[in-house]
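Asker: Contents of coords_13.txt (compact mmCIF, C-alpha atoms and all ligand atoms):
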# COMPACT_ATOMS: atom_id res chain seq x y z
CA MET A 1 35.63 -25.24 -10.96
CA ALA A 2 32.28 -24.60 -12.52
CA LYS A 3 31.88 -21.17 -14.05
CA PHE A 4 28.57 -19.45 -14.40
CA LYS A 5 27.28 -16.89 -16.79
CA GLY A 6 24.14 -14.95 -16.11
CA ALA A 7 21.87 -12.31 -17.53
CA VAL A 8 19.03 -10.31 -16.05
CA VAL A 9 15.82 -8.95 -17.51
CA VAL A 10 14.36 -5.87 -15.83
CA ASP A 11 10.64 -5.20 -16.04
CA THR A 12 11.28 -1.59 -16.99
CA GLU A 13 7.69 -0.47 -16.43
CA ARG A 14 7.65 -1.79 -12.83
CA CYS A 15 11.12 -0.40 -12.08
CA LYS A 16 11.28 2.77 -9.98
CA GLY A 17 14.98 3.47 -10.48
CA CYS A 18 15.71 3.16 -6.75
CA GLY A 19 19.28 2.00 -7.39
CA LEU A 20 19.28 -0.76 -4.76
CA CYS A 21 20.08 -3.43 -7.36
CA VAL A 22 22.92 -1.31 -8.74
CA ALA A 23 24.46 -1.11 -5.26
CA ALA A 24 23.87 -4.81 -4.53
CA CYS A 25 25.51 -6.27 -7.64
CA PRO A 26 28.96 -7.60 -6.69
CA SER A 27 30.08 -7.54 -10.35
CA LYS A 28 28.95 -3.97 -11.11
CA VAL A 29 26.77 -5.19 -13.97
CA LEU A 30 23.84 -2.83 -13.47
CA GLY A 31 23.31 0.87 -13.99
CA LEU A 32 20.40 3.24 -14.35
CA ALA A 33 19.42 4.05 -17.92
CA SER A 34 19.47 7.60 -19.25
CA GLN A 35 16.01 6.83 -20.71
CA VAL A 36 12.93 6.90 -18.48
CA ASN A 37 9.85 4.68 -18.34
CA ALA A 38 6.22 5.88 -18.56
CA LYS A 39 6.34 7.03 -14.92
CA GLY A 40 9.54 9.00 -15.49
CA TYR A 41 11.89 6.66 -13.64
CA ASN A 42 15.40 5.92 -14.93
CA TYR A 43 15.09 2.15 -14.98
CA ALA A 44 17.86 -0.34 -14.26
CA GLU A 45 19.67 -2.10 -17.11
CA MET A 46 22.75 -4.25 -17.72
CA VAL A 47 25.74 -2.07 -18.53
CA THR A 48 28.32 -4.87 -18.77
CA GLU A 49 28.17 -8.57 -19.71
CA ASP A 50 29.86 -9.70 -16.46
CA CYS A 51 26.74 -11.12 -14.78
CA VAL A 52 27.31 -14.40 -12.89
CA GLY A 53 23.65 -15.02 -12.08
CA CYS A 54 24.07 -14.62 -8.29
CA CYS A 55 20.52 -13.15 -7.88
CA SER A 56 21.59 -10.43 -5.39
CA CYS A 57 19.91 -7.77 -7.53
CA GLY A 58 16.71 -9.80 -7.61
CA TYR A 59 16.65 -10.31 -3.83
CA VAL A 60 17.04 -6.62 -2.96
CA CYS A 61 14.59 -5.25 -5.54
CA PRO A 62 11.52 -3.97 -3.64
CA ASP A 63 9.34 -4.08 -6.74
CA ALA A 64 10.09 -7.59 -7.99
CA CYS A 65 11.25 -6.25 -11.35
CA ILE A 66 14.22 -8.52 -11.96
CA SER A 67 14.35 -11.98 -13.54
CA VAL A 68 17.72 -13.70 -13.36
CA TYR A 69 18.89 -16.35 -15.83
CA LYS A 70 21.96 -18.48 -15.33
CA VAL A 71 23.90 -21.16 -17.22
CA THR A 72 26.85 -23.34 -16.17
CA LEU A 73 29.73 -23.10 -18.61
CA MET B 1 27.52 -17.15 -25.37
CA THR B 2 25.23 -14.18 -25.94
CA LYS B 3 22.59 -12.74 -23.62
CA GLN B 4 19.91 -14.21 -25.87
CA ASP B 5 21.35 -17.72 -25.36
CA ILE B 6 21.13 -17.30 -21.58
CA ILE B 7 17.70 -15.68 -21.37
CA LYS B 8 15.58 -18.80 -21.86
CA PRO B 9 12.82 -20.16 -19.59
CA GLU B 10 14.87 -23.23 -18.63
CA ASN B 11 17.68 -20.99 -17.29
CA LEU B 12 15.46 -18.88 -15.04
CA VAL B 13 16.78 -18.92 -11.45
CA TYR B 14 14.92 -15.97 -9.93
CA GLY B 15 11.74 -14.12 -10.81
CA LYS B 16 8.62 -12.53 -9.39
CA THR B 17 6.53 -14.88 -7.24
CA LYS B 18 2.97 -15.54 -8.39
CA VAL B 19 1.70 -14.74 -4.88
CA LEU B 20 2.40 -11.07 -5.65
CA THR B 21 -0.19 -9.62 -8.01
CA ASP B 22 0.85 -7.69 -11.12
CA ASN B 23 -0.30 -4.41 -9.54
CA ILE B 24 2.57 -1.97 -9.26
CA MET B 25 3.11 -1.19 -5.59
CA HIS B 26 2.47 2.41 -4.54
CA TYR B 27 5.50 2.51 -2.23
CA CYS B 28 8.22 5.08 -2.79
CA PRO B 29 11.21 3.85 -4.81
CA GLY B 30 13.44 1.64 -2.66
CA CYS B 31 11.04 1.34 0.31
CA SER B 32 11.62 -1.65 2.61
CA HIS B 33 7.89 -2.46 2.52
CA GLY B 34 8.28 -3.78 -1.04
CA VAL B 35 11.09 -6.18 -0.15
CA ILE B 36 9.17 -7.46 2.88
CA HIS B 37 5.97 -7.99 0.85
CA LYS B 38 7.97 -9.92 -1.70
CA LEU B 39 9.61 -12.19 0.90
CA ILE B 40 6.31 -12.99 2.60
CA ALA B 41 4.76 -13.77 -0.79
CA GLU B 42 7.72 -15.98 -1.78
CA VAL B 43 7.44 -17.97 1.46
CA ILE B 44 3.68 -18.41 0.99
CA GLU B 45 4.36 -19.80 -2.49
CA GLU B 46 7.21 -22.07 -1.33
CA MET B 47 5.13 -23.47 1.56
CA GLY B 48 2.15 -24.04 -0.75
CA ILE B 49 -0.24 -22.18 1.58
CA GLN B 50 -1.63 -19.55 -0.80
CA GLU B 51 -5.18 -20.93 -0.59
CA LYS B 52 -5.23 -21.09 3.22
CA THR B 53 -3.44 -17.91 4.19
CA ILE B 54 -5.35 -14.80 5.29
CA GLY B 55 -3.56 -11.48 5.78
CA ILE B 56 -4.68 -8.50 7.83
CA ALA B 57 -3.61 -5.11 6.42
CA PRO B 58 -2.97 -2.16 8.75
CA VAL B 59 -3.28 1.60 8.53
CA GLY B 60 0.00 3.15 7.44
CA CYS B 61 1.86 3.09 4.15
CA SER B 62 1.01 -0.61 3.82
CA VAL B 63 -2.73 0.10 4.00
CA PHE B 64 -3.13 -1.20 0.43
CA ALA B 65 -1.20 -4.42 1.08
CA TYR B 66 -4.34 -6.31 0.00
CA ASN B 67 -3.79 -5.07 -3.56
CA TYR B 68 -0.41 -6.79 -3.76
CA PHE B 69 -0.82 -10.19 -2.10
CA ASP B 70 -2.83 -12.66 -4.16
CA ILE B 71 -4.48 -14.15 -1.06
CA ASP B 72 -7.57 -13.35 1.02
CA MET B 73 -7.06 -10.23 3.09
CA GLN B 74 -8.98 -8.00 5.48
CA GLU B 75 -8.33 -4.38 6.34
CA ALA B 76 -8.22 -3.50 10.04
CA ALA B 77 -8.82 -0.18 11.78
CA HIS B 78 -5.59 1.54 12.87
CA GLY B 79 -3.72 -0.69 15.33
CA ARG B 80 -6.46 -3.31 15.53
CA ALA B 81 -4.95 -5.92 13.19
CA PRO B 82 -4.08 -8.42 15.98
CA ALA B 83 -7.67 -8.24 17.28
CA LEU B 84 -9.07 -8.87 13.80
CA ALA B 85 -6.51 -11.64 13.24
CA THR B 86 -7.69 -13.23 16.51
CA ALA B 87 -11.26 -13.29 15.25
CA VAL B 88 -10.32 -14.69 11.82
CA LYS B 89 -8.07 -17.39 13.28
CA ARG B 90 -10.56 -18.46 15.93
CA LEU B 91 -13.38 -18.66 13.40
CA MET B 92 -11.22 -20.48 10.86
CA PRO B 93 -8.56 -22.38 12.82
CA ASP B 94 -7.35 -24.19 9.68
CA LYS B 95 -6.22 -20.95 8.08
CA VAL B 96 -2.78 -19.41 8.41
CA VAL B 97 -3.39 -15.86 9.62
CA PHE B 98 -0.91 -13.00 9.72
CA THR B 99 -0.95 -9.28 10.41
CA TYR B 100 1.30 -6.81 8.64
CA GLN B 101 1.86 -3.65 10.69
CA GLY B 102 4.05 -0.57 10.91
CA ASP B 103 5.54 0.81 14.12
CA GLY B 104 2.95 3.56 14.43
CA ASP B 105 0.22 0.96 14.01
CA LEU B 106 1.67 -1.77 16.24
CA ALA B 107 3.67 0.14 18.86
CA ALA B 108 1.57 3.31 19.28
CA ILE B 109 -2.19 3.23 18.66
CA GLY B 110 -2.30 -0.60 18.67
CA THR B 111 -0.08 -1.34 21.67
CA ALA B 112 -2.93 -2.81 23.70
CA GLU B 113 -4.12 -5.11 20.88
CA THR B 114 -0.56 -6.23 20.22
CA ILE B 115 0.23 -7.08 23.83
CA HIS B 116 -3.07 -8.84 24.51
CA ALA B 117 -3.04 -10.93 21.31
CA CYS B 118 0.49 -12.03 22.28
CA ASN B 119 -0.57 -12.63 25.86
CA ARG B 120 -3.44 -14.85 24.71
CA GLY B 121 -0.91 -16.74 22.63
CA GLU B 122 -3.05 -16.50 19.50
CA ASN B 123 -1.73 -18.82 16.80
CA ILE B 124 -1.07 -15.95 14.44
CA VAL B 125 1.99 -14.35 12.87
CA ILE B 126 2.70 -10.67 13.40
CA PHE B 127 4.95 -9.01 10.81
CA PHE B 128 6.17 -5.72 12.24
CA VAL B 129 7.84 -3.14 9.98
CA ASN B 130 9.82 -0.76 12.18
CA ASN B 131 11.03 2.26 10.23
CA GLY B 132 11.11 4.52 13.30
CA ILE B 133 8.56 6.95 11.90
CA TYR B 134 4.95 7.49 10.80
CA GLY B 135 5.66 7.15 7.08
CA MET B 136 2.20 7.52 5.59
CA THR B 137 1.18 10.72 7.34
CA GLY B 138 4.33 12.66 6.47
CA GLY B 139 7.09 11.55 8.81
CA GLN B 140 5.98 12.30 12.37
CA MET B 141 7.79 10.97 15.44
CA ALA B 142 6.81 7.45 16.47
CA PRO B 143 7.43 5.68 19.80
CA THR B 144 10.27 3.91 17.96
CA THR B 145 12.01 7.09 16.71
CA LEU B 146 15.65 7.11 17.82
CA GLU B 147 17.03 9.56 20.38
CA GLY B 148 18.15 12.68 18.53
CA MET B 149 16.52 11.57 15.24
CA LYS B 150 14.83 14.42 13.37
CA THR B 151 11.22 14.06 12.23
CA ALA B 152 8.45 16.48 11.23
CA THR B 153 7.25 16.70 14.85
CA CYS B 154 10.71 16.78 16.45
CA PRO B 155 12.66 18.87 13.92
CA TYR B 156 15.55 19.38 16.37
CA GLY B 157 15.80 15.66 17.08
CA ARG B 158 13.89 13.48 19.56
CA ASN B 159 14.44 14.97 23.00
CA THR B 160 14.03 12.13 25.51
CA ASP B 161 13.34 14.56 28.39
CA MET B 162 10.27 15.70 26.53
CA TYR B 163 9.23 12.68 24.44
CA GLY B 164 10.60 9.64 26.23
CA PHE B 165 12.70 6.87 24.75
CA PRO B 166 12.58 4.65 21.67
CA LEU B 167 10.32 1.72 22.48
CA ARG B 168 11.83 -1.73 21.90
CA ILE B 169 8.46 -3.40 21.79
CA SER B 170 9.77 -6.77 20.59
CA ASP B 171 11.80 -6.94 23.82
CA LEU B 172 8.55 -6.52 25.73
CA LEU B 173 6.74 -9.11 23.61
CA LYS B 174 9.41 -11.74 24.20
CA GLU B 175 8.65 -11.56 27.96
CA ILE B 176 5.03 -12.57 27.38
CA ASP B 177 4.23 -16.26 27.89
CA GLY B 178 1.97 -16.43 24.81
CA THR B 179 4.69 -15.70 22.27
CA CYS B 180 6.74 -18.60 20.96
CA TYR B 181 9.06 -16.82 18.56
CA VAL B 182 10.21 -13.22 18.56
CA THR B 183 12.91 -12.21 16.13
CA ARG B 184 14.37 -9.02 14.69
CA GLN B 185 15.47 -9.06 11.06
CA SER B 186 16.33 -6.66 8.25
CA VAL B 187 16.12 -6.76 4.45
CA HIS B 188 18.89 -4.40 3.39
CA LYS B 189 21.41 -6.95 2.10
CA THR B 190 21.31 -10.28 0.31
CA ALA B 191 22.48 -12.21 3.41
CA SER B 192 19.99 -10.47 5.69
CA ILE B 193 17.20 -11.14 3.18
CA VAL B 194 18.02 -14.86 3.22
CA ARG B 195 17.88 -14.85 7.06
CA ALA B 196 14.66 -12.82 7.10
CA LYS B 197 13.03 -15.30 4.74
CA LYS B 198 13.92 -18.21 7.05
CA ALA B 199 12.37 -16.30 9.95
CA ILE B 200 9.14 -15.75 7.98
CA ARG B 201 8.96 -19.45 7.15
CA LYS B 202 9.54 -20.44 10.77
CA ALA B 203 6.84 -18.04 11.95
CA PHE B 204 4.28 -19.52 9.53
CA GLN B 205 5.30 -23.05 10.56
CA ASN B 206 4.83 -22.16 14.25
CA SER B 207 1.33 -20.97 13.46
CA ILE B 208 0.53 -24.19 11.56
CA ASP B 209 1.93 -26.19 14.51
CA GLY B 210 -0.18 -24.23 17.03
CA LYS B 211 2.80 -23.04 19.04
CA GLY B 212 1.53 -19.55 19.87
CA THR B 213 2.20 -16.06 18.59
CA SER B 214 5.23 -15.41 16.38
CA VAL B 215 6.52 -11.86 15.96
CA VAL B 216 8.92 -11.01 13.14
CA GLU B 217 10.19 -7.45 13.39
CA PHE B 218 11.90 -5.97 10.33
CA VAL B 219 14.16 -3.02 11.09
CA SER B 220 13.41 -0.92 8.02
CA HIS B 221 13.84 2.48 6.47
CA CYS B 222 11.52 5.18 5.18
CA ASN B 223 13.83 6.91 2.76
CA THR B 224 11.30 9.59 1.82
CA ASN B 225 10.74 10.85 5.35
CA TRP B 226 14.31 10.18 6.43
CA LYS B 227 15.16 12.45 3.48
CA MET B 228 17.87 10.22 2.04
CA THR B 229 18.26 7.98 -1.00
CA PRO B 230 17.36 4.30 -0.50
CA VAL B 231 21.06 3.32 -0.54
CA GLN B 232 21.92 6.03 2.02
CA SER B 233 18.94 4.99 4.17
CA ASN B 234 20.15 1.41 4.33
CA ALA B 235 23.60 2.61 5.44
CA TRP B 236 22.08 4.98 8.03
CA MET B 237 19.88 2.17 9.31
CA GLU B 238 22.88 -0.11 9.74
CA GLU B 239 24.80 2.58 11.58
CA HIS B 240 22.06 3.93 13.86
CA MET B 241 18.96 1.71 13.99
CA PHE B 242 20.79 -1.58 14.62
CA ALA B 243 22.45 -0.16 17.75
CA LYS B 244 19.03 0.38 19.36
CA TYR B 245 17.32 -2.52 17.59
CA PRO B 246 19.91 -5.31 17.39
CA LEU B 247 19.14 -8.10 14.93
CA GLY B 248 18.64 -11.73 15.86
CA ASP B 249 16.25 -14.05 17.68
CA LEU B 250 14.95 -12.71 21.00
CA LYS B 251 12.95 -15.82 21.87
CA ASP B 252 12.41 -19.25 20.39
CA THR B 253 10.36 -21.48 22.72
CA PRO B 254 6.77 -22.70 22.51
CA LYS B 255 4.14 -20.89 24.56
CA LYS B 256 3.13 -22.39 27.90
CA ARG B 257 0.32 -24.89 27.37
CA PHE B 258 -2.55 -25.40 29.79
CA ASP B 259 -1.98 -29.16 30.05
CA GLU B 260 1.64 -28.56 31.12
CA ILE B 261 0.74 -26.17 33.92
CA ASN B 262 0.76 -27.35 37.57
CA HIS B 263 -2.85 -26.84 38.54
CA LEU B 264 -3.51 -25.16 41.86
C1 LIG C 1 -7.68 6.22 14.24
C2 LIG C 1 -6.62 6.84 13.40
N1 LIG C 1 -5.71 7.66 13.97
C3 LIG C 1 -4.72 8.22 13.24
C4 LIG C 1 -4.66 8.00 11.90
C5 LIG C 1 -3.56 8.66 11.08
N2 LIG C 1 -2.53 7.73 10.69
C6 LIG C 1 -2.52 7.10 9.52
S1 LIG C 1 -1.18 6.14 9.27
C7 LIG C 1 -0.54 6.59 10.76
C8 LIG C 1 0.79 6.08 11.24
C9 LIG C 1 1.42 5.08 10.35
O1 LIG C 1 2.72 4.80 10.76
P1 LIG C 1 3.30 3.34 10.74
O2 LIG C 1 2.34 2.39 11.35
O3 LIG C 1 4.65 3.41 11.34
O4 LIG C 1 3.35 2.96 9.19
P2 LIG C 1 4.35 3.42 8.04
O5 LIG C 1 3.56 4.34 7.19
O6 LIG C 1 5.55 4.05 8.68
O7 LIG C 1 4.69 2.14 7.33
C10 LIG C 1 -1.38 7.48 11.43
C11 LIG C 1 -1.09 8.05 12.74
C12 LIG C 1 -5.62 7.14 11.32
N3 LIG C 1 -5.61 6.84 10.02
N4 LIG C 1 -6.58 6.58 12.09
S1 LIG C 2 22.57 -11.67 -10.94
FE1 LIG C 2 24.29 -11.02 -9.61
S2 LIG C 2 25.93 -10.55 -11.06
FE2 LIG C 2 24.04 -10.63 -12.28
S3 LIG C 2 23.32 -8.50 -12.34
FE3 LIG C 2 22.32 -9.48 -10.61
S4 LIG C 2 23.62 -9.03 -8.85
FE4 LIG C 2 24.84 -8.63 -10.69
S1 LIG C 3 16.03 -2.49 -7.36
FE1 LIG C 3 14.27 -2.88 -8.70
S2 LIG C 3 13.09 -0.96 -8.69
FE2 LIG C 3 15.13 -0.50 -7.87
S3 LIG C 3 16.31 0.17 -9.67
FE3 LIG C 3 16.68 -2.01 -9.46
S4 LIG C 3 15.13 -3.01 -10.75
FE4 LIG C 3 14.48 -0.89 -10.46
S1 LIG C 4 6.65 7.15 2.95
FE1 LIG C 4 8.33 5.89 3.74
S2 LIG C 4 7.37 3.96 4.44
FE2 LIG C 4 5.92 5.04 3.11
S3 LIG C 4 6.23 4.17 1.07
FE3 LIG C 4 7.49 6.04 1.21
S4 LIG C 4 9.48 5.31 1.93
FE4 LIG C 4 8.03 3.68 2.30
MG MG C 5 6.50 3.45 10.46
Show how you would write the structure in this file as structure tokens.
Ligand SMILES: Cc1ncc(C[n+]2csc(CCOP(=O)(O)OP(=O)(O)O)c2C)c(N)n1
Ligand code: SF4
Ligand code: SF4
Ligand code: SF4
Ligand SMILES: [Mg+2]

Answerer:
Amino acid sequence: MAKFKGAVVVDTERCKGCGLCVAACPSKVLGLASQVNAKGYNYAEMVTEDCVGCCSCGYVCPDACISVYKVTL
Amino acid sequence: MTKQDIIKPENLVYGKTKVLTDNIMHYCPGCSHGVIHKLIAEVIEEMGIQEKTIGIAPVGCSVFAYNYFDIDMQEAAHGRAPALATAVKRLMPDKVVFTYQGDGDLAAIGTAETIHACNRGENIVIFFVNNGIYGMTGGQMAPTTLEGMKTATCPYGRNTDMYGFPLRISDLLKEIDGTCYVTRQSVHKTASIVRAKKAIRKAFQNSIDGKGTSVVEFVSHCNTNWKMTPVQSNAWMEEHMFAKYPLGDLKDTPKKRFDEINHL
């Protein structure tokens, strides 16, 4: 069975720290940073390396902040 | 394999559509409006209709929608988007014309324009964002507010003896001969987002095919005025809004055409 490995890049200045991507990730890859962006929002970031590139976080993000990258192993 | 090995242009599987501008949306964190904007923009890009699509922005939180879609747009007076869309579409029949409206805009002040545009079977798409409240003005009761739901103007909950009942306007619109497609969707989960996107595409295709008016309702949340986090709002919406506003297609048939009618 093909295995996938993914990674996401969050546009931290667009991010509003709403937490929807954190809740949507089936692999619990995302969390909100303790740092804030220029607007004062705790932006989303990868907190583990378990991303499978499923794009759920990207779909639910209201501010189109997330780019998802994926490779087949 | 490290993150740096994965993050390369050739491995990109999801990113921001070019039909959304780089302007940061003014919506509150987590607001459904953002997701819906993004889906409409993605479909416009995928269908290759960016140059021929014209949007009509409403009054409500989405009043600045024209700052976010990289297409031609017009701003309508409160509730009048379907009337303006009628004019734009009739003057430029080759364009794909849609309105984007909240529940206060579409189901309160604009009820007449909504019903009559649908009754004329205008070849337009109506995107209807139903968050059960007047978001922009500070969370007042809307016709769509649920029974017992608390808002700024019904702080003890909507009393139906006094204020009447939540209006399921899409159920009314499906009864009108001019509509071809009336559907109720949501954007709170990955699976629902995929379904909502298909509905948006179908609505645009109906307009291109001249089938009549398509109405895509999105049951949504307004986390700021509901006074919950975005994640809590989505859960509350699933539990309470979907009971009154069940998801799915309400109608999927072409409008009646004059040449098919038995003349008297
Ligand atoms: C003619 C007119 N009447 C009233 C208003 C005040 N007003 C602005 S937005 C709004 C309601 C918006 O609610 P909705 O359409 O549900 O949009 P939301 O903000 O919830 O997305 C009202 C009543 C106005 N701008 N113009
Ligand atoms: S792509 Fe999927 S697995 Fe990776 S962070 Fe996003 S939701 Fe989680
Ligand atoms: S869903 Fe988008 S805006 Fe919300 S926290 Fe995640 S990246 Fe930020
Ligand atoms: S007030 Fe409500 S509808 Fe308006 S942007 Fe904020 S959450 Fe969204
Ligand atoms: Mg509203």

Asker: Please determine, counting only C-alpha atoms and all ligand atoms, which residue among B:Arg90, B:Arg195, B:Lys18, B:His37 has the shortest atom-to-atom distance to ligand LIG 4 (chain C).

Answerer: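 The closest residue to ligand LIG 4 (chain C) is B:His37.
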
Asker: What does the list of residues within 8 Å of ligand LIG 1 (chain C) look like if you count only C-alpha atoms and all ligand atoms, written as a list in words?

Answerer: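 The neighbouring residues of ligand LIG 1 (chain C) are, in order, His33, Pro58, Val59, Gly60, Cys61, Ser62, Ala77, His78, Gly79, Gln101, Gly102, Asp103, Gly104, Asp105, Leu106, Ala107, Ile109, Val129, Asn130, Asn131, Gly132, Ile133, Tyr134, Gly135, Met136, Thr137, Gly139, Ala142 and Cys222 of chain B.
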
Asker: Find the distance between atom CA of B:Met1 and atom CA of A:Tyr69 and write it in Å to one decimal.

Answerer: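 Atom-to-atom, atom CA of B:Met1 to atom CA of A:Tyr69, that is 12.9 Å.
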
Asker: Axis-aligned box over every listed atom of stretch 22-38 of chain B, padded by 6 Å per side: centre and edges in Å to one decimal, as AutoDock Vina command-line options?

Answerer:
--center_x 6.6 --center_y -2.4 --center_z -4.1 --size_x 25.7 --size_y 27.0 --size_z 26.0

Asker: If you take only C-alpha atoms and all ligand atoms and a cut-off of 12 Å, which residues of chain B touch ligand LIG 2 (chain C), and what are their nearest atom pairs and distances in Å to one decimal, in chain and number order, as JSON lines?

Answerer:
{"residue": "B:Lys3", "atom": "CA", "partner": "C:LIG2", "partner_atom": "FE2", "distance": 11.6}
{"residue": "B:Ile6", "atom": "CA", "partner": "C:LIG2", "partner_atom": "FE2", "distance": 11.8}
{"residue": "B:Leu12", "atom": "CA", "partner": "C:LIG2", "partner_atom": "S1", "distance": 10.9}
{"residue": "B:Val13", "atom": "CA", "partner": "C:LIG2", "partner_atom": "S1", "distance": 9.3}
{"residue": "B:Tyr14", "atom": "CA", "partner": "C:LIG2", "partner_atom": "S1", "distance": 8.8}
{"residue": "B:Gly15", "atom": "CA", "partner": "C:LIG2", "partner_atom": "S1", "distance": 11.1}
{"residue": "B:Lys189", "atom": "CA", "partner": "C:LIG2", "partner_atom": "S4", "distance": 11.4}
{"residue": "B:Thr190", "atom": "CA", "partner": "C:LIG2", "partner_atom": "S4", "distance": 9.5}

Asker: Taking all atoms listed in the file into account, what are the residues of chain B at most 10 Å from chain A, put as a VMD selection string?

Answerer: chain B and resid 1 to 17 20 22 to 39 187 to 194 229 to 232 234

Asker: Pick from B:Lys256, B:Lys211, B:Arg80, B:His221: nearest to ligand MG 5 (chain C), with only C-alpha atoms and all ligand atoms counted?

Answerer: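 Smallest separation from ligand MG 5 (chain C) among the options: B:His221.
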
Asker: What is the distance, in Å and to one decimal place, between atom CA of B:Glu51 and atom CA of B:Gly110?

Answerer: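 About the pair atom CA of B:Glu51 and atom CA of B:Gly110: they are 28.2 Å apart.
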
Asker: Given the choices A:Val29, A:Ala38, A:Asp50, A:Tyr43, which gets closest to ligand LIG 3 (chain C) if the distance is worked out from all atoms listed in the file?

Answerer: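 Ranking A:Val29, A:Ala38, A:Asp50, A:Tyr43 by distance to ligand LIG 3 (chain C), first place goes to A:Tyr43.
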
Asker: Just how far from atom CA of B:Thr99 is atom CA of B:Phe218, in Å to one decimal?

Answerer: 13.3 Å

Asker: For ligand MG 5 (chain C), which residue out of B:Met162, B:Met92, B:Ile176, B:Ala108 is the nearest one, using all atoms listed in the file?

Answerer: B:Ala108

Asker: Using only C-alpha atoms, determine which residues lie at most 12 Å from B:Gly48, disregarding the query and same-chain residues fewer than 6 positions distant; provide the list as a list in words.

Answerer: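 My list of contacting residues is Lys18, Val19, Ala41, Glu42, Ile71, Val96, Arg201, Phe204 and Gln205 of chain B.
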
Asker: Out of B:Trp236, B:Trp226, B:Phe242, B:Phe258, which residue has the shortest atom-to-atom distance to ligand LIG 4 (chain C) when counting only C-alpha atoms and all ligand atoms?

Answerer: B:Trp226

Asker: Hey, what's within 10 Å of stretch 147-153 of chain B if we count only C-alpha atoms and toss same-chain stuff fewer than 4 positions away? As a short mmCIF file (atom, residue, chain, number, x, y, z; two decimals) with C-alpha atoms, in the frame of the given file, please?

Answerer:
data_model
loop_
_atom_site.label_atom_id
_atom_site.label_comp_id
_atom_site.auth_asym_id
_atom_site.auth_seq_id
_atom_site.Cartn_x
_atom_site.Cartn_y
_atom_site.Cartn_z
CA GLY B 132 11.11 4.52 13.30
CA ILE B 133 8.56 6.95 11.90
CA TYR B 134 4.95 7.49 10.80
CA GLY B 138 4.33 12.66 6.47
CA GLY B 139 7.09 11.55 8.81
CA GLN B 140 5.98 12.30 12.37
CA MET B 141 7.79 10.97 15.44
CA ALA B 142 6.81 7.45 16.47
CA GLY B 157 15.80 15.66 17.08
CA ARG B 158 13.89 13.48 19.56
CA ASN B 159 14.44 14.97 23.00
CA THR B 160 14.03 12.13 25.51
CA TYR B 163 9.23 12.68 24.44
CA GLY B 164 10.60 9.64 26.23
CA PHE B 165 12.70 6.87 24.75
CA PRO B 166 12.58 4.65 21.67
CA ASN B 225 10.74 10.85 5.35
CA TRP B 226 14.31 10.18 6.43
CA LYS B 227 15.16 12.45 3.48
CA HIS B 240 22.06 3.93 13.86
CA LYS B 244 19.03 0.38 19.36
#

Asker: As a ChimeraX atom specification, please: the residues near A:Val47 (cut-off 9 Å, all atoms listed in the file, same-chain neighbours under 3 positions excluded).

Answerer: /A:28-33,50

Asker: Closest to ligand MG 5 (chain C) among B:Ala87, B:Val63, B:Ile54, B:Ala203, using all atoms listed in the file?

Answerer: B:Val63
